[in-house]
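A.B. asks: The structure follows.
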Amino acid sequence: MKKLLVVLLVAFLLLAGIVLVNTLRFTSTQTAVEAIPAPKLSEQNIQHFQQALSYKTISYGKPELFDSSQFIGFRKFLEATYPLTHAKLTQEIVANYSLLYTWQGKDILLKPIVLMAHMDVVPVEEATIDMWSFDPFAGTVKDDFIWGRGTTDDKINLISIFEATEKLLSENFQPERTLYFAFGHDEEIGGQGAIAIAKLLKERKIAAEMVLDEGGIITKEKMPGITKPVALLGTAEKGYLTLELRVEKPGGHSSMPEKETAIDILTMALVTLRQQPFEPNFSEPMDGLMQSVGPEMPFVQRMAFANPWLFKSLIIGTYEQSGPGNAMIRTTLVPTIINAGIKDNVVPTVATATINLRLLPGDKTDEVIEQLKAIMKDDRVVISKPGTTIAEASAVTPIKSFGYQKIANSIKKSYPQMLTSPFLVIGATDSRHFGEISSNIIKFSPMIDPIGFHGIDERVSLESYQTALWFYEQLMRDLK
């Protein structure tokens with residue numbers, strides 16, 4: 001017994017020593033960059049953002065609801081508000097409403113850069129109008145925030161690019177590299193505009209050094225134990241998969257129901273799928289995040305991130321506690337639409353459910369569908385692809401790439417004490433269509449802890465807008 005205790009003690013001390021050494025060697029990877037104070041926002045800066053928000057450039061998903069006048073009006077607003085941009089850059093209208101601008105660089109031998117944003121916004125639910133603190137299309141400024149639909153997603157980036165460009169042109173600035181500005185009109189419903197722009201650039205044999213689109217954010221609140229702001233630079237994007245589950249079983253009169261109905265079978269399948277989530281996994285962006293922010297954390301968290309081989313279950317357990325955290329470590333599935341029945345006294349013959357999945361890098365569509373069948377174990381539930389957008393997870397942009405390093409340096413230059421980290425974007429962006437234009441795609445919006453994505457009281461702080469303006473200016477100056 002004593003020998004066993006001695007062996008166990010030695011093993012424990014050896015393990016503790018390895019963990020301690022790994023933790024002590026787990027030092028910061030951050031590059032020090034001195035921040036330049038951002039200029040104060042002008043009244044004109046704010047007014048332009050407010051005016052942009054007043055245009056109801058809404059993507060409904062139903063062609064009959066599309067209001068082309070709002071998009072045409074928004075385009076005319078941009079042309080009137082940014083005269084130098086429209087005088088000195090080449091503007092093209094793509095797929096009727098999307099916009100592509102070309103700003104010729106000094107050195108034609110340098111590969112160009114693509115900066116992206118989208119003009120469209122999601123609808124405001126009619127039933128929630130009275131729940132908003134302010135008119136969602138007024139661009140109200142209150143309590144140091146700009147309120148309104150599209151503030152966070154994604155007019156802050158679009159307007160900031162225009163404001164920075166107009167300012168640089170007023171100084172007779174010309175970038176070293178040619179810049180392309182790609183502004184889609186229907187990102188929220190699949191991005192046909194972005195697809196058309198990417199196709200056009202491909203036909204012109206444009207190979208970009210990098211593409212920058214929306215994605216990660218700056219957070220002061222979402223990294224426990226870290227007191228400095230962290231810029232989350234999206235280096236990959238989860239895949240997007242929508243499926244329909246369909247059950248057919250003879251119905252009949254509700255007064256004499258069978259022991260099992262189509263609704264029962266479908267509901268059981270959904271409950272089973274939700275109760276058996278996909279296995280967690282650390283993708284390359286997640287590994288990068290641990291390497292980048294782990295050394296900046298207090299000792300206990302730092303120790304865990306320095307030794308993921310030992311503390312993986314602890315890290316996973318922590319991330320699983322929130323929806324966004326859980327989405328970072330596994331392929332997710334959620335029912336979004338359920339349809340069955342036509343009358344209260346008729347048992348339906350057909351019941352359907354739409355489920356939406358976001359796929360981790362490495363999880364392929366066909367393999368995922370087979371896993372769903374294995375989990376449900378019920379051939380009466382038929383899985384089909386309803387024809388909506390399907391996209392595999394994107395490739396991963398290396399953190400040592402030109403694009404990642406430039407963006408990391410520019411945001412550090414734009415905001416004091418900034419840390420940067422790779423990040424897995426859990427939503428879908430227009431940049432997923434640009435994989436043939438560049439192998440280096442970064443997904444990042446330079447705004448600080450925005451509120452209300454796709455929800456009630458969507459808003460960004462004035463500080464976010466100030467930071468975004470300064471970031472895009474610094475980035476365009478530094479793209480050499």
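Letters A, B, ... go to the chains of the structure tokens in the order shown; residues in each chain start at 1; ligands are counted from 1 in the same order.
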If we count only C-alpha atoms and set the cut-off at 6 Å, which residues sit around range 171-176 of chain A, ignoring sequence neighbours fewer than 5 positions away in its own chain? Please answer as a list in words.
C.D. replies: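 Everything that qualifies: Gly105, Lys106, Asp107 and Lys480 of chain A.
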A.B. asks: Mind listing the strand (DSSP E or B) residues of range 214-407 of chain A, per DSSP on the backbone, as a PyMOL selection string?
C.D. replies: chain A and resi 214-219+230-237+239-248+252-253+332-340+346-347+350-359+382-384+391
A.B. asks: For range 440-452 of chain A, find every residue with an atom within 8 Å (counting only C-alpha atoms), except residues of its own chain fewer than 3 positions away, and show them as JSON, numbers by chain.
C.D. replies: {"A": [152, 157, 209, 210, 211, 212, 213, 214, 215, 216, 217, 218, 219, 220, 221, 231, 232, 233, 234, 235, 236, 397, 398, 401, 403, 404, 411, 425, 431, 435, 455, 456, 457, 458, 459, 460, 461, 463, 464, 465, 467, 468, 471]}
A.B. asks: Counting only C-alpha atoms, what is within 10 Å of Val122 in chain A, bar same-chain residues fewer than 3 positions away, as a list in words?
C.D. replies: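 Listed by chain and then number, they are Lys56, Thr57, Ile58, Ser59, Tyr60, Gly61, Glu125, Arg149, Gly150, Asp153, Asp186, Glu187, Glu188, Ile189, Phe453, His454 and Gly455 of chain A.
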A.B. asks: Name all residues at most 8 Å from range 77-81 of chain A (count only C-alpha atoms; drop same-chain ones fewer than 4 positions away) and give them as an NGL selection string.
C.D. replies: :A and (48 or 52 or 73 or 86)
A.B. asks: Considering only C-alpha atoms, return as a PDB file with N, CA and C atoms, in the first residue's frame whatever protein or nucleic-acid residues lie within 12 Å of Ile437 in chain A, sequence-local ones (same chain, fewer than 4 positions apart) excluded.
C.D. replies:
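Output contents, as saved in selection.pdb:
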```
ATOM      1  N   LYS A 111      -1.038  43.018 -54.876  1.00  0.00           N
ATOM      2  CA  LYS A 111      -2.372  42.407 -54.947  1.00  0.00           C
ATOM      3  C   LYS A 111      -3.385  43.306 -54.234  1.00  0.00           C
ATOM      4  N   PRO A 112      -4.590  43.411 -54.769  1.00  0.00           N
ATOM      5  CA  PRO A 112      -5.581  44.326 -54.186  1.00  0.00           C
ATOM      6  C   PRO A 112      -6.191  43.803 -52.895  1.00  0.00           C
ATOM      7  N   ILE A 113      -6.989  44.668 -52.278  1.00  0.00           N
ATOM      8  CA  ILE A 113      -7.702  44.365 -51.040  1.00  0.00           C
ATOM      9  C   ILE A 113      -9.199  44.562 -51.294  1.00  0.00           C
ATOM     10  N   VAL A 114     -10.020  43.708 -50.713  1.00  0.00           N
ATOM     11  CA  VAL A 114     -11.468  43.847 -50.810  1.00  0.00           C
ATOM     12  C   VAL A 114     -12.033  44.155 -49.429  1.00  0.00           C
ATOM     13  N   TYR A 180     -11.019  47.418 -53.484  1.00  0.00           N
ATOM     14  CA  TYR A 180     -12.376  47.158 -53.963  1.00  0.00           C
ATOM     15  C   TYR A 180     -13.322  47.206 -52.771  1.00  0.00           C
ATOM     16  N   ALA A 194     -23.648  39.475 -53.395  1.00  0.00           N
ATOM     17  CA  ALA A 194     -22.235  39.179 -53.142  1.00  0.00           C
ATOM     18  C   ALA A 194     -21.734  38.081 -54.064  1.00  0.00           C
ATOM     19  N   ILE A 195     -22.578  37.090 -54.323  1.00  0.00           N
ATOM     20  CA  ILE A 195     -22.201  36.022 -55.258  1.00  0.00           C
ATOM     21  C   ILE A 195     -21.909  36.609 -56.637  1.00  0.00           C
ATOM     22  N   ILE A 197     -20.986  39.718 -57.323  1.00  0.00           N
ATOM     23  CA  ILE A 197     -19.756  40.519 -57.277  1.00  0.00           C
ATOM     24  C   ILE A 197     -18.534  39.604 -57.315  1.00  0.00           C
ATOM     25  N   ALA A 198     -18.563  38.535 -56.536  1.00  0.00           N
ATOM     26  CA  ALA A 198     -17.441  37.594 -56.523  1.00  0.00           C
ATOM     27  C   ALA A 198     -17.232  36.982 -57.905  1.00  0.00           C
ATOM     28  N   LYS A 199     -18.315  36.644 -58.574  1.00  0.00           N
ATOM     29  CA  LYS A 199     -18.220  36.082 -59.915  1.00  0.00           C
ATOM     30  C   LYS A 199     -17.599  37.083 -60.879  1.00  0.00           C
ATOM     31  N   LEU A 200     -18.010  38.353 -60.754  1.00  0.00           N
ATOM     32  CA  LEU A 200     -17.472  39.400 -61.616  1.00  0.00           C
ATOM     33  C   LEU A 200     -15.967  39.571 -61.400  1.00  0.00           C
ATOM     34  N   LEU A 201     -15.543  39.589 -60.148  1.00  0.00           N
ATOM     35  CA  LEU A 201     -14.114  39.740 -59.846  1.00  0.00           C
ATOM     36  C   LEU A 201     -13.329  38.531 -60.357  1.00  0.00           C
ATOM     37  N   LYS A 202     -13.905  37.348 -60.208  1.00  0.00           N
ATOM     38  CA  LYS A 202     -13.242  36.141 -60.695  1.00  0.00           C
ATOM     39  C   LYS A 202     -13.076  36.194 -62.212  1.00  0.00           C
ATOM     40  N   GLU A 203     -14.119  36.639 -62.913  1.00  0.00           N
ATOM     41  CA  GLU A 203     -14.039  36.754 -64.369  1.00  0.00           C
ATOM     42  C   GLU A 203     -12.947  37.734 -64.795  1.00  0.00           C
ATOM     43  N   ARG A 204     -12.696  38.732 -63.960  1.00  0.00           N
ATOM     44  CA  ARG A 204     -11.649  39.707 -64.254  1.00  0.00           C
ATOM     45  C   ARG A 204     -10.278  39.262 -63.752  1.00  0.00           C
ATOM     46  N   LYS A 205     -10.252  38.031 -63.235  1.00  0.00           N
ATOM     47  CA  LYS A 205      -9.007  37.424 -62.746  1.00  0.00           C
ATOM     48  C   LYS A 205      -8.394  38.225 -61.588  1.00  0.00           C
ATOM     49  N   ILE A 206      -9.263  38.737 -60.724  1.00  0.00           N
ATOM     50  CA  ILE A 206      -8.809  39.465 -59.537  1.00  0.00           C
ATOM     51  C   ILE A 206      -8.472  38.469 -58.435  1.00  0.00           C
ATOM     52  N   ALA A 207      -7.231  38.501 -57.984  1.00  0.00           N
ATOM     53  CA  ALA A 207      -6.792  37.678 -56.851  1.00  0.00           C
ATOM     54  C   ALA A 207      -6.380  38.617 -55.734  1.00  0.00           C
ATOM     55  N   ALA A 208      -7.184  38.713 -54.704  1.00  0.00           N
ATOM     56  CA  ALA A 208      -6.957  39.697 -53.643  1.00  0.00           C
ATOM     57  C   ALA A 208      -6.001  39.170 -52.582  1.00  0.00           C
ATOM     58  N   GLU A 209      -5.228  40.083 -52.015  1.00  0.00           N
ATOM     59  CA  GLU A 209      -4.348  39.734 -50.901  1.00  0.00           C
ATOM     60  C   GLU A 209      -5.161  39.364 -49.673  1.00  0.00           C
ATOM     61  N   MET A 210      -6.283  40.082 -49.487  1.00  0.00           N
ATOM     62  CA  MET A 210      -7.175  39.738 -48.383  1.00  0.00           C
ATOM     63  C   MET A 210      -8.554  40.312 -48.646  1.00  0.00           C
ATOM     64  N   VAL A 211      -9.518  39.757 -47.941  1.00  0.00           N
ATOM     65  CA  VAL A 211     -10.889  40.248 -47.915  1.00  0.00           C
ATOM     66  C   VAL A 211     -11.251  40.512 -46.463  1.00  0.00           C
ATOM     67  N   LEU A 212     -11.878  41.657 -46.205  1.00  0.00           N
ATOM     68  CA  LEU A 212     -12.347  41.990 -44.853  1.00  0.00           C
ATOM     69  C   LEU A 212     -13.851  42.214 -44.896  1.00  0.00           C
ATOM     70  N   SER A 431     -18.872  37.189 -47.120  1.00  0.00           N
ATOM     71  CA  SER A 431     -17.498  36.854 -47.506  1.00  0.00           C
ATOM     72  C   SER A 431     -17.312  35.366 -47.765  1.00  0.00           C
ATOM     73  N   ARG A 432     -18.260  34.541 -47.343  1.00  0.00           N
ATOM     74  CA  ARG A 432     -18.120  33.103 -47.611  1.00  0.00           C
ATOM     75  C   ARG A 432     -18.143  32.807 -49.110  1.00  0.00           C
ATOM     76  N   HIS A 433     -18.635  33.765 -49.895  1.00  0.00           N
ATOM     77  CA  HIS A 433     -18.692  33.585 -51.347  1.00  0.00           C
ATOM     78  C   HIS A 433     -17.402  34.017 -52.049  1.00  0.00           C
ATOM     79  N   ILE A 441      -9.319  35.551 -45.720  1.00  0.00           N
ATOM     80  CA  ILE A 441     -10.543  36.290 -45.449  1.00  0.00           C
ATOM     81  C   ILE A 441     -10.666  36.499 -43.947  1.00  0.00           C
TER      82      ILE A 441
END
```
A.B. asks: Between CA of Leu4 in chain A and CA of Asn307 in chain A, what is the distance, to one decimal in Å?
C.D. replies: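 These atoms are spaced 26.3 Å apart.
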A.B. asks: To one decimal in Å, tell me the separation between CA of Val382 in chain A and CA of Leu360 in chain A.
C.D. replies: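 Taking CA of Val382 in chain A and CA of Leu360 in chain A, their separation equals 23.8 Å.
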A.B. asks: Neighbours of Met290 in chain A within 9 Å (only C-alpha atoms; same-chain residues fewer than 3 positions away dropped), as a list in words?
C.D. replies: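 Those residues are Pro285, Met286, Asp287, Val293, Gly294, Pro295, Arg302, Phe305, Ala306, Pro308, Ser421 and Pro422 of chain A.
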A.B. asks: Taking the DSSP secondary structure from the backbone, can you list the residues of range 105-335 of chain A that are helix (DSSP H, G or I), as a count of residues only?
C.D. replies: 95
A.B. asks: Point out the residue among A:Gln417, A:Thr261, A:Ser283, A:Gln371 with the least atom-to-atom distance to Ala340 in chain A, counting only C-alpha atoms.
C.D. replies: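 Closest residue, counting only C-alpha atoms: A:Thr261.
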A.B. asks: Of the candidates A:Gly225, A:Gly193, A:Glu370, A:Thr151, which one gets nearest to Ala95 in chain A if we count only C-alpha atoms?
C.D. replies: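 Among the listed residues, the smallest separation from Ala95 in chain A belongs to A:Gly193.
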A.B. asks: Smallest atom-to-atom distance to Thr227 in chain A: which of A:Ile159, A:Leu14, A:Leu109, A:Met418, using only C-alpha atoms?
C.D. replies: A:Met418
A.B. asks: Considering only C-alpha atoms, can you say which of A:Thr331, A:Gln275, A:Thr27, A:Thr165 comes closest to Glu367 in chain A?
C.D. replies: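 Looking at the shortest contact to Glu367 in chain A, the residue is A:Thr331.
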